[in-house]
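Below: structure.cif (mmCIF, C-alpha atoms)
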```
data_protein
#
loop_
_atom_site.group_PDB
_atom_site.id
_atom_site.type_symbol
_atom_site.label_atom_id
_atom_site.label_comp_id
_atom_site.auth_asym_id
_atom_site.auth_seq_id
_atom_site.Cartn_x
_atom_site.Cartn_y
_atom_site.Cartn_z
ATOM 1 C CA MET A 1 110.034 63.851 123.096
ATOM 2 C CA ALA A 2 110.596 66.580 120.493
ATOM 3 C CA GLU A 3 111.324 70.109 121.626
ATOM 4 C CA PRO A 4 108.408 72.530 121.069
ATOM 5 C CA ARG A 5 108.695 74.789 118.061
ATOM 6 C CA HIS A 6 109.873 78.303 118.885
ATOM 7 C CA ALA A 7 108.288 81.483 117.511
ATOM 8 C CA VAL A 8 109.318 85.097 118.031
ATOM 9 C CA VAL A 9 106.191 87.280 118.028
ATOM 10 C CA THR A 10 106.208 91.084 118.183
ATOM 11 C CA GLY A 11 103.297 93.097 119.535
ATOM 12 C CA ALA A 12 102.172 90.144 121.625
ATOM 13 C CA SER A 13 100.724 92.172 124.483
ATOM 14 C CA SER A 14 97.380 92.958 122.825
ATOM 15 C CA GLY A 15 95.229 92.726 119.729
ATOM 16 C CA ILE A 16 96.361 90.585 116.822
ATOM 17 C CA GLY A 17 99.789 89.858 118.284
ATOM 18 C CA ALA A 18 98.297 88.578 121.545
ATOM 19 C CA ALA A 19 95.834 86.389 119.639
ATOM 20 C CA ILE A 20 98.620 84.890 117.532
ATOM 21 C CA ALA A 21 100.825 84.227 120.546
ATOM 22 C CA GLY A 22 97.894 82.629 122.376
ATOM 23 C CA ARG A 23 97.043 80.429 119.396
ATOM 24 C CA LEU A 24 100.632 79.237 119.108
ATOM 25 C CA LEU A 25 100.826 78.497 122.830
ATOM 26 C CA ASP A 26 97.616 76.481 122.546
ATOM 27 C CA GLU A 27 99.224 74.503 119.716
ATOM 28 C CA GLY A 28 102.258 73.677 121.826
ATOM 29 C CA TRP A 29 104.714 76.282 120.573
ATOM 30 C CA ARG A 30 107.212 78.109 122.747
ATOM 31 C CA VAL A 31 106.915 81.872 122.241
ATOM 32 C CA THR A 32 109.340 84.729 122.728
ATOM 33 C CA ALA A 33 107.214 87.880 122.922
ATOM 34 C CA LEU A 34 108.703 91.253 122.030
ATOM 35 C CA CYS A 35 106.472 94.087 123.225
ATOM 36 C CA ARG A 36 106.459 97.063 125.556
ATOM 37 C CA THR A 37 104.045 95.648 128.148
ATOM 38 C CA ARG A 38 103.784 92.206 129.691
ATOM 39 C CA PRO A 39 101.747 89.905 127.451
ATOM 40 C CA PRO A 40 98.931 87.647 128.646
ATOM 41 C CA ALA A 41 100.108 84.242 129.863
ATOM 42 C CA ALA A 42 103.762 85.236 130.109
ATOM 43 C CA GLY A 43 105.483 82.338 131.827
ATOM 44 C CA ALA A 44 107.377 79.159 131.143
ATOM 45 C CA ALA A 45 106.107 78.731 127.574
ATOM 46 C CA GLN A 46 106.065 82.444 126.723
ATOM 47 C CA ARG A 47 109.143 84.483 127.476
ATOM 48 C CA TRP A 48 108.684 88.247 127.501
ATOM 49 C CA ILE A 49 111.390 90.594 126.262
ATOM 50 C CA SER A 50 110.435 94.198 126.957
ATOM 51 C CA ALA A 51 111.000 96.014 123.669
ATOM 52 C CA ASP A 52 110.019 99.278 122.044
ATOM 53 C CA LEU A 53 109.804 98.322 118.360
ATOM 54 C CA SER A 54 110.347 101.939 117.329
ATOM 55 C CA ASP A 55 113.875 101.708 118.763
ATOM 56 C CA THR A 56 115.209 99.500 116.008
ATOM 57 C CA ALA A 57 118.843 100.151 116.896
ATOM 58 C CA GLY A 58 118.341 98.317 120.174
ATOM 59 C CA LEU A 59 116.678 95.219 118.713
ATOM 60 C CA PRO A 60 119.765 93.111 117.869
ATOM 61 C CA ALA A 61 121.005 93.249 121.468
ATOM 62 C CA LEU A 62 117.569 92.248 122.800
ATOM 63 C CA LEU A 63 117.541 89.261 120.435
ATOM 64 C CA ALA A 64 121.014 88.052 121.405
ATOM 65 C CA GLU A 65 119.632 85.319 123.660
ATOM 66 C CA ALA A 66 116.585 84.371 121.585
ATOM 67 C CA GLY A 67 118.292 81.189 120.401
ATOM 68 C CA PRO A 68 117.217 79.110 117.396
ATOM 69 C CA VAL A 69 113.764 79.948 115.997
ATOM 70 C CA ASP A 70 111.258 78.129 113.832
ATOM 71 C CA ALA A 71 109.078 81.135 113.054
ATOM 72 C CA ILE A 72 108.975 84.920 113.205
ATOM 73 C CA VAL A 73 105.699 86.859 113.323
ATOM 74 C CA HIS A 74 105.897 90.646 113.148
ATOM 75 C CA ALA A 75 102.535 91.860 114.426
ATOM 76 C CA ALA A 76 103.489 95.087 116.215
ATOM 77 C CA GLY A 77 101.779 98.090 114.718
ATOM 78 C CA LEU A 78 100.066 101.415 115.138
ATOM 79 C CA GLN A 79 98.064 103.797 112.989
ATOM 80 C CA ARG A 80 98.246 107.551 112.603
ATOM 81 C CA SER A 81 95.816 109.076 110.114
ATOM 82 C CA ALA A 82 95.840 112.424 108.321
ATOM 83 C CA ARG A 83 94.964 113.854 104.934
ATOM 84 C CA LEU A 84 97.272 115.757 102.616
ATOM 85 C CA GLY A 85 98.025 119.183 104.015
ATOM 86 C CA ALA A 86 98.156 117.818 107.556
ATOM 87 C CA LEU A 87 100.662 114.963 107.294
ATOM 88 C CA SER A 88 103.096 114.552 110.178
ATOM 89 C CA ALA A 89 106.675 113.615 109.361
ATOM 90 C CA ASP A 90 107.109 112.314 112.907
ATOM 91 C CA ASP A 91 104.060 110.047 112.607
ATOM 92 C CA GLY A 92 105.264 108.780 109.241
ATOM 93 C CA ALA A 93 108.711 108.000 110.613
ATOM 94 C CA LEU A 94 107.236 106.260 113.655
ATOM 95 C CA MET A 95 105.042 103.981 111.536
ATOM 96 C CA TRP A 96 107.934 103.248 109.160
ATOM 97 C CA ASN A 97 110.179 102.282 112.072
ATOM 98 C CA VAL A 98 107.632 100.009 113.742
ATOM 99 C CA HIS A 99 106.178 98.378 110.625
ATOM 100 C CA VAL A 100 109.067 98.228 108.157
ATOM 101 C CA GLN A 101 112.434 98.901 109.758
ATOM 102 C CA ALA A 102 111.646 96.749 112.791
ATOM 103 C CA ALA A 103 110.686 93.888 110.454
ATOM 104 C CA ALA A 104 113.940 94.299 108.536
ATOM 105 C CA VAL A 105 116.118 94.384 111.652
ATOM 106 C CA LEU A 106 114.212 91.509 113.262
ATOM 107 C CA VAL A 107 114.514 89.127 110.321
ATOM 108 C CA ASP A 108 118.023 90.265 109.405
ATOM 109 C CA THR A 109 119.209 89.609 112.953
ATOM 110 C CA LEU A 110 117.566 86.194 113.234
ATOM 111 C CA VAL A 111 117.927 84.856 109.684
ATOM 112 C CA GLY A 112 120.941 82.731 110.560
ATOM 113 C CA ARG A 113 119.021 81.218 113.473
ATOM 114 C CA ILE A 114 115.829 80.348 111.582
ATOM 115 C CA ALA A 115 115.599 76.599 111.096
ATOM 116 C CA ASP A 116 115.509 75.342 107.523
ATOM 117 C CA GLY A 117 111.835 74.919 106.672
ATOM 118 C CA GLY A 118 110.945 77.780 109.009
ATOM 119 C CA ARG A 119 108.347 80.493 108.587
ATOM 120 C CA VAL A 120 108.111 84.291 108.550
ATOM 121 C CA VAL A 121 104.757 86.117 108.662
ATOM 122 C CA LEU A 122 104.394 89.894 108.546
ATOM 123 C CA ILE A 123 101.064 91.395 109.583
ATOM 124 C CA GLY A 124 100.074 93.922 106.944
ATOM 125 C CA SER A 125 96.751 95.585 106.238
ATOM 126 C CA ARG A 126 94.097 95.651 103.546
ATOM 127 C CA THR A 127 94.753 99.410 103.615
ATOM 128 C CA MET A 128 98.039 98.762 101.790
ATOM 129 C CA SER A 129 96.201 99.249 98.486
ATOM 130 C CA GLY A 130 95.552 102.889 99.425
ATOM 131 C CA VAL A 131 92.843 104.643 101.418
ATOM 132 C CA ALA A 132 92.083 108.357 101.636
ATOM 133 C CA GLY A 133 93.450 109.836 104.834
ATOM 134 C CA LYS A 134 95.778 106.917 105.514
ATOM 135 C CA SER A 135 98.552 107.466 102.960
ATOM 136 C CA GLN A 136 101.496 107.186 105.344
ATOM 137 C CA TYR A 137 100.079 104.122 107.102
ATOM 138 C CA ALA A 138 99.188 102.492 103.794
ATOM 139 C CA ALA A 139 102.684 103.090 102.425
ATOM 140 C CA THR A 140 104.341 101.363 105.373
ATOM 141 C CA LYS A 141 102.039 98.368 105.092
ATOM 142 C CA ALA A 142 102.547 98.173 101.321
ATOM 143 C CA ALA A 143 106.297 97.986 101.910
ATOM 144 C CA LEU A 144 105.821 94.722 103.803
ATOM 145 C CA ALA A 145 104.691 92.954 100.632
ATOM 146 C CA ALA A 146 107.918 93.968 98.905
ATOM 147 C CA LEU A 147 109.970 92.734 101.834
ATOM 148 C CA ALA A 148 108.104 89.435 101.901
ATOM 149 C CA ARG A 149 108.519 88.704 98.190
ATOM 150 C CA SER A 150 112.201 89.632 98.259
ATOM 151 C CA TRP A 151 112.938 87.531 101.323
ATOM 152 C CA ALA A 152 110.843 84.645 100.038
ATOM 153 C CA ALA A 153 113.063 84.491 96.940
ATOM 154 C CA GLU A 154 116.240 84.673 99.011
ATOM 155 C CA LEU A 155 115.156 82.039 101.526
ATOM 156 C CA ALA A 156 113.478 79.556 99.186
ATOM 157 C CA PRO A 157 116.627 77.388 98.963
ATOM 158 C CA ARG A 158 116.299 76.856 102.723
ATOM 159 C CA ARG A 159 112.538 76.102 102.398
ATOM 160 C CA ILE A 160 111.756 79.108 104.605
ATOM 161 C CA THR A 161 108.460 80.724 103.632
ATOM 162 C CA VAL A 162 107.710 84.438 103.973
ATOM 163 C CA ASN A 163 104.182 85.828 103.687
ATOM 164 C CA VAL A 164 102.004 88.793 104.614
ATOM 165 C CA VAL A 165 98.628 88.447 106.315
ATOM 166 C CA ALA A 166 96.656 91.614 105.537
ATOM 167 C CA PRO A 167 93.464 92.010 107.584
ATOM 168 C CA GLY A 168 90.812 94.635 107.063
ATOM 169 C CA PRO A 169 89.216 96.482 109.998
ATOM 170 C CA THR A 170 89.910 94.269 112.992
ATOM 171 C CA ASP A 171 88.328 94.443 116.429
ATOM 172 C CA THR A 172 91.395 95.533 118.396
ATOM 173 C CA PRO A 173 92.270 98.476 120.685
ATOM 174 C CA MET A 174 93.802 100.217 117.632
ATOM 175 C CA LEU A 175 90.285 101.056 116.434
ATOM 176 C CA SER A 176 89.814 103.432 119.361
ATOM 177 C CA ASP A 177 93.315 104.958 119.200
ATOM 178 C CA PRO A 178 92.934 108.760 119.037
ATOM 179 C CA GLY A 179 95.765 108.821 116.484
ATOM 180 C CA ARG A 180 93.477 107.311 113.848
ATOM 181 C CA ALA A 181 90.339 109.263 114.778
ATOM 182 C CA ALA A 182 90.384 111.063 111.411
ATOM 183 C CA THR A 183 89.487 107.800 109.667
ATOM 184 C CA PRO A 184 86.914 105.885 111.737
ATOM 185 C CA PRO A 185 86.485 102.209 110.833
ATOM 186 C CA VAL A 186 83.805 101.185 108.354
ATOM 187 C CA LEU A 187 81.909 97.933 108.852
ATOM 188 C CA PRO A 188 82.806 95.511 106.003
ATOM 189 C CA PRO A 189 80.139 94.120 103.642
ATOM 190 C CA LEU A 190 79.988 90.815 105.531
ATOM 191 C CA GLY A 191 78.598 92.792 108.460
ATOM 192 C CA ALA A 192 81.272 92.246 111.092
ATOM 193 C CA LEU A 193 84.774 93.344 111.909
ATOM 194 C CA VAL A 194 87.555 90.831 111.461
ATOM 195 C CA THR A 195 88.432 89.206 114.790
ATOM 196 C CA PRO A 196 91.987 88.791 116.096
ATOM 197 C CA SER A 197 91.346 85.054 116.419
ATOM 198 C CA GLU A 198 90.595 84.851 112.689
ATOM 199 C CA VAL A 199 93.900 86.535 111.880
ATOM 200 C CA ALA A 200 95.619 84.168 114.308
ATOM 201 C CA GLY A 201 94.013 81.188 112.579
ATOM 202 C CA LEU A 202 95.285 82.180 109.140
ATOM 203 C CA THR A 203 98.713 82.903 110.585
ATOM 204 C CA ALA A 204 98.790 79.525 112.314
ATOM 205 C CA PHE A 205 97.978 77.857 108.984
ATOM 206 C CA LEU A 206 100.938 79.584 107.320
ATOM 207 C CA LEU A 207 103.197 78.534 110.197
ATOM 208 C CA GLY A 208 102.027 74.931 110.071
ATOM 209 C CA ALA A 209 102.900 71.955 107.897
ATOM 210 C CA GLU A 210 100.057 72.597 105.438
ATOM 211 C CA GLY A 211 101.301 76.137 104.740
ATOM 212 C CA GLY A 212 104.681 75.012 103.516
ATOM 213 C CA SER A 213 104.020 75.688 99.823
ATOM 214 C CA VAL A 214 102.740 79.249 100.291
ATOM 215 C CA THR A 215 105.472 81.870 100.043
ATOM 216 C CA GLY A 216 105.894 85.418 98.824
ATOM 217 C CA GLN A 217 102.151 86.033 99.055
ATOM 218 C CA THR A 218 99.854 88.614 100.609
ATOM 219 C CA LEU A 219 96.695 87.020 101.986
ATOM 220 C CA VAL A 220 93.892 89.542 102.467
ATOM 221 C CA MET A 221 91.104 88.849 104.965
ATOM 222 C CA CYS A 222 88.813 91.841 105.134
ATOM 223 C CA GLY A 223 85.189 90.779 105.401
ATOM 224 C CA GLY A 224 84.654 91.985 101.850
ATOM 225 C CA ALA A 225 86.051 95.490 102.430
ATOM 226 C CA SER A 226 88.248 95.200 99.355
ATOM 227 C CA LEU A 227 85.382 94.228 97.021
#
```

Do you think you could lay out the structure here as structure tokens?
Amino acid sequence: MAEPRHAVVTGASSGIGAAIAGRLLDEGWRVTALCRTRPPAAGAAQRWISADLSDTAGLPALLAEAGPVDAIVHAAGLQRSARLGALSADDGALMWNVHVQAAAVLVDTLVGRIADGGRVVLIGSRTMSGVAGKSQYAATKAALAALARSWAAELAPRRITVNVVAPGPTDTPMLSDPGRAATPPVLPPLGALVTPSEVAGLTAFLLGAEGGSVTGQTLVMCGGASL
């Protein structure tokens, strides 16, 4: 019997990350979850490594025992909103560390352990194209597309794909985070928020056999918010 595929998933304790980890577990994957709090269904198939993704210097040591991996999904994230004249350097640095630097350290540390034909998915945001009041957040999410295209080119000889899934307003605890209160969510034209399970479904497609020819791309799912 073949060993289950192994995915490292950040931010797996809630929201999109938890939905992705749950979807992969349902599909028979083994998951290593990197997050600050214990994720749902932590157990034999889902190993939890307690990790603060803003502490990027400590990530390589935490990943020392992760072993070979078939996929990496970087879903950890947060949002701090402010308009020009009220931008916080600390908030900008925090979002950069969690969204961009953590992705770089994570993939750089594990690249030699990713199986040929493996997958990398970074969770971006439709906001990456620019939204008033979200400039720092948007900039960090936009950087993920550059990382993905660069890594996709580097890893193509090993048939490892790298993509960004960029959802619009998604029904997660982040929507009620006081740090983004300055920019309340707007219902998309299709009349409903994106659900974490929908993001998990698209991610699962990219991680599966039928997603093997998609690489270096940013896939936006926003309920029409970008129209």

Original post:
Could you state the separation of CA of Ser81 (chain A) and CA of Gly133 (chain A) in Å, given to one decimal place?
Top reply: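 Pair CA of Ser81 (chain A) / CA of Gly133 (chain A) returns 5.8 Å.
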
Original post:
For Ile114 (chain A), which residue among A:Leu187, A:Pro169, A:Ala7, A:Val220 is the nearest when counting all atoms listed in the file?
Top reply: A:Ala7

Original post:
Could you spell out the hits of the PyMOL selection byres ((chain A and resi 151-155) around 12) on the shown file, as number ranges by chain?
Top reply: A: 103-104, 107-108, 111-112, 114-122, 144-150, 156-164, 212-218

Would you write out those residues with C-alpha atoms, as a tab-separated table (two decimals), keeping the file's coordinate frame?
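Result file is result.tsv:
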```
chain	number	residue	atom	x	y	z
A	103	ALA	CA	110.69	93.89	110.45
A	104	ALA	CA	113.94	94.30	108.54
A	107	VAL	CA	114.51	89.13	110.32
A	108	ASP	CA	118.02	90.26	109.40
A	111	VAL	CA	117.93	84.86	109.68
A	112	GLY	CA	120.94	82.73	110.56
A	114	ILE	CA	115.83	80.35	111.58
A	115	ALA	CA	115.60	76.60	111.10
A	116	ASP	CA	115.51	75.34	107.52
A	117	GLY	CA	111.84	74.92	106.67
A	118	GLY	CA	110.94	77.78	109.01
A	119	ARG	CA	108.35	80.49	108.59
A	120	VAL	CA	108.11	84.29	108.55
A	121	VAL	CA	104.76	86.12	108.66
A	122	LEU	CA	104.39	89.89	108.55
A	144	LEU	CA	105.82	94.72	103.80
A	145	ALA	CA	104.69	92.95	100.63
A	146	ALA	CA	107.92	93.97	98.90
A	147	LEU	CA	109.97	92.73	101.83
A	148	ALA	CA	108.10	89.44	101.90
A	149	ARG	CA	108.52	88.70	98.19
A	150	SER	CA	112.20	89.63	98.26
A	156	ALA	CA	113.48	79.56	99.19
A	157	PRO	CA	116.63	77.39	98.96
A	158	ARG	CA	116.30	76.86	102.72
A	159	ARG	CA	112.54	76.10	102.40
A	160	ILE	CA	111.76	79.11	104.60
A	161	THR	CA	108.46	80.72	103.63
A	162	VAL	CA	107.71	84.44	103.97
A	163	ASN	CA	104.18	85.83	103.69
A	164	VAL	CA	102.00	88.79	104.61
A	212	GLY	CA	104.68	75.01	103.52
A	213	SER	CA	104.02	75.69	99.82
A	214	VAL	CA	102.74	79.25	100.29
A	215	THR	CA	105.47	81.87	100.04
A	216	GLY	CA	105.89	85.42	98.82
A	217	GLN	CA	102.15	86.03	99.06
A	218	THR	CA	99.85	88.61	100.61
```

Contact check, region 19-124 of chain A to region 194-209 of chain A, at most 7 Å, counting all atoms listed in the file, closest pairs as JSON lines:
```
{"residue": "A:Ala19", "atom": "CA", "partner": "A:Ser197", "partner_atom": "CA", "distance": 5.7}
{"residue": "A:Ile20", "atom": "CA", "partner": "A:Ala200", "partner_atom": "CA", "distance": 4.5}
{"residue": "A:Arg23", "atom": "CA", "partner": "A:Ala200", "partner_atom": "CA", "distance": 6.5}
{"residue": "A:Arg119", "atom": "CA", "partner": "A:Leu207", "partner_atom": "CA", "distance": 5.7}
```

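Considering the residues A:Ala138, A:Ala33, A:Leu110, A:Leu227 and counting all atoms listed in the file, Ala82 (chain A) has its shortest atom-to-atom contact with A:Ala138.
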
**OP:** Run through the PyMOL selection byres ((chain A and resi 40-50) around 8) on the given coordinates and return the selected residues as JSON, numbers by chain.
**Re:** {"A": [13, 18, 22, 25, 29, 30, 31, 32, 33, 34, 35, 36, 37, 38, 39, 51, 52, 62]}

**OP:** Within 12 Å of Ala86 (chain A), counting all atoms listed in the file, which residues show up once you throw out same-chain ones fewer than 5 positions away? Write them as a PyMOL selection string, please.
**Re:** chain A and resi 80-81+91-92+133-136+182

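If you look at CA of Pro167 (chain A) and CA of Gly124 (chain A), they are 6.9 Å away from each other.
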
With N, CA and C atoms as the goal, would you fill in the gaps in region 208-226 of chain A and present it as a PDB file, keeping the file's coordinate frame?
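Final file, part_12.pdb:
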```pdb
ATOM      1  N   GLY A 208     102.138  76.374 109.918  1.00  0.00           N
ATOM      2  CA  GLY A 208     102.027  74.931 110.071  1.00  0.00           C
ATOM      3  C   GLY A 208     102.490  74.163 108.858  1.00  0.00           C
ATOM      4  N   ALA A 209     102.417  72.844 108.955  1.00  0.00           N
ATOM      5  CA  ALA A 209     102.900  71.955 107.897  1.00  0.00           C
ATOM      6  C   ALA A 209     102.157  72.164 106.594  1.00  0.00           C
ATOM      7  N   GLU A 210     100.850  72.465 106.661  1.00  0.00           N
ATOM      8  CA  GLU A 210     100.057  72.597 105.438  1.00  0.00           C
ATOM      9  C   GLU A 210     100.272  73.938 104.731  1.00  0.00           C
ATOM     10  N   GLY A 211     101.008  74.848 105.369  1.00  0.00           N
ATOM     11  CA  GLY A 211     101.301  76.137 104.740  1.00  0.00           C
ATOM     12  C   GLY A 211     102.648  76.179 104.072  1.00  0.00           C
ATOM     13  N   GLY A 212     103.307  75.041 103.980  1.00  0.00           N
ATOM     14  CA  GLY A 212     104.681  75.012 103.516  1.00  0.00           C
ATOM     15  C   GLY A 212     104.902  75.355 102.060  1.00  0.00           C
ATOM     16  N   SER A 213     103.861  75.355 101.245  1.00  0.00           N
ATOM     17  CA  SER A 213     104.020  75.688  99.823  1.00  0.00           C
ATOM     18  C   SER A 213     103.547  77.095  99.496  1.00  0.00           C
ATOM     19  N   VAL A 214     103.185  77.869 100.501  1.00  0.00           N
ATOM     20  CA  VAL A 214     102.740  79.249 100.291  1.00  0.00           C
ATOM     21  C   VAL A 214     103.885  80.171 100.671  1.00  0.00           C
ATOM     22  N   THR A 215     104.400  80.937  99.724  1.00  0.00           N
ATOM     23  CA  THR A 215     105.472  81.870 100.043  1.00  0.00           C
ATOM     24  C   THR A 215     105.463  83.055  99.092  1.00  0.00           C
ATOM     25  N   GLY A 216     105.863  84.193  99.609  1.00  0.00           N
ATOM     26  CA  GLY A 216     105.894  85.418  98.824  1.00  0.00           C
ATOM     27  C   GLY A 216     104.527  86.020  98.555  1.00  0.00           C
ATOM     28  N   GLN A 217     103.522  85.643  99.338  1.00  0.00           N
ATOM     29  CA  GLN A 217     102.151  86.033  99.055  1.00  0.00           C
ATOM     30  C   GLN A 217     101.608  86.996 100.115  1.00  0.00           C
ATOM     31  N   THR A 218     100.624  87.776  99.684  1.00  0.00           N
ATOM     32  CA  THR A 218      99.854  88.614 100.609  1.00  0.00           C
ATOM     33  C   THR A 218      98.440  88.084 100.648  1.00  0.00           C
ATOM     34  N   LEU A 219      98.017  87.611 101.811  1.00  0.00           N
ATOM     35  CA  LEU A 219      96.695  87.020 101.986  1.00  0.00           C
ATOM     36  C   LEU A 219      95.802  88.045 102.676  1.00  0.00           C
ATOM     37  N   VAL A 220      94.798  88.514 101.943  1.00  0.00           N
ATOM     38  CA  VAL A 220      93.892  89.542 102.467  1.00  0.00           C
ATOM     39  C   VAL A 220      92.674  88.883 103.090  1.00  0.00           C
ATOM     40  N   MET A 221      92.339  89.306 104.312  1.00  0.00           N
ATOM     41  CA  MET A 221      91.104  88.849 104.965  1.00  0.00           C
ATOM     42  C   MET A 221      90.419  90.098 105.517  1.00  0.00           C
ATOM     43  N   CYS A 222      89.339  90.508 104.860  1.00  0.00           N
ATOM     44  CA  CYS A 222      88.813  91.841 105.134  1.00  0.00           C
ATOM     45  C   CYS A 222      87.293  91.890 105.253  1.00  0.00           C
ATOM     46  N   GLY A 223      86.637  90.754 105.297  1.00  0.00           N
ATOM     47  CA  GLY A 223      85.189  90.779 105.401  1.00  0.00           C
ATOM     48  C   GLY A 223      84.504  91.395 104.185  1.00  0.00           C
ATOM     49  N   GLY A 224      85.212  91.411 103.065  1.00  0.00           N
ATOM     50  CA  GLY A 224      84.654  91.985 101.850  1.00  0.00           C
ATOM     51  C   GLY A 224      84.953  93.458 101.665  1.00  0.00           C
ATOM     52  N   ALA A 225      85.763  94.055 102.538  1.00  0.00           N
ATOM     53  CA  ALA A 225      86.051  95.490 102.430  1.00  0.00           C
ATOM     54  C   ALA A 225      86.783  95.864 101.159  1.00  0.00           C
ATOM     55  N   SER A 226      87.486  94.900 100.570  1.00  0.00           N
ATOM     56  CA  SER A 226      88.248  95.200  99.355  1.00  0.00           C
ATOM     57  C   SER A 226      87.459  94.925  98.082  1.00  0.00           C
TER      58      SER A 226
END
```
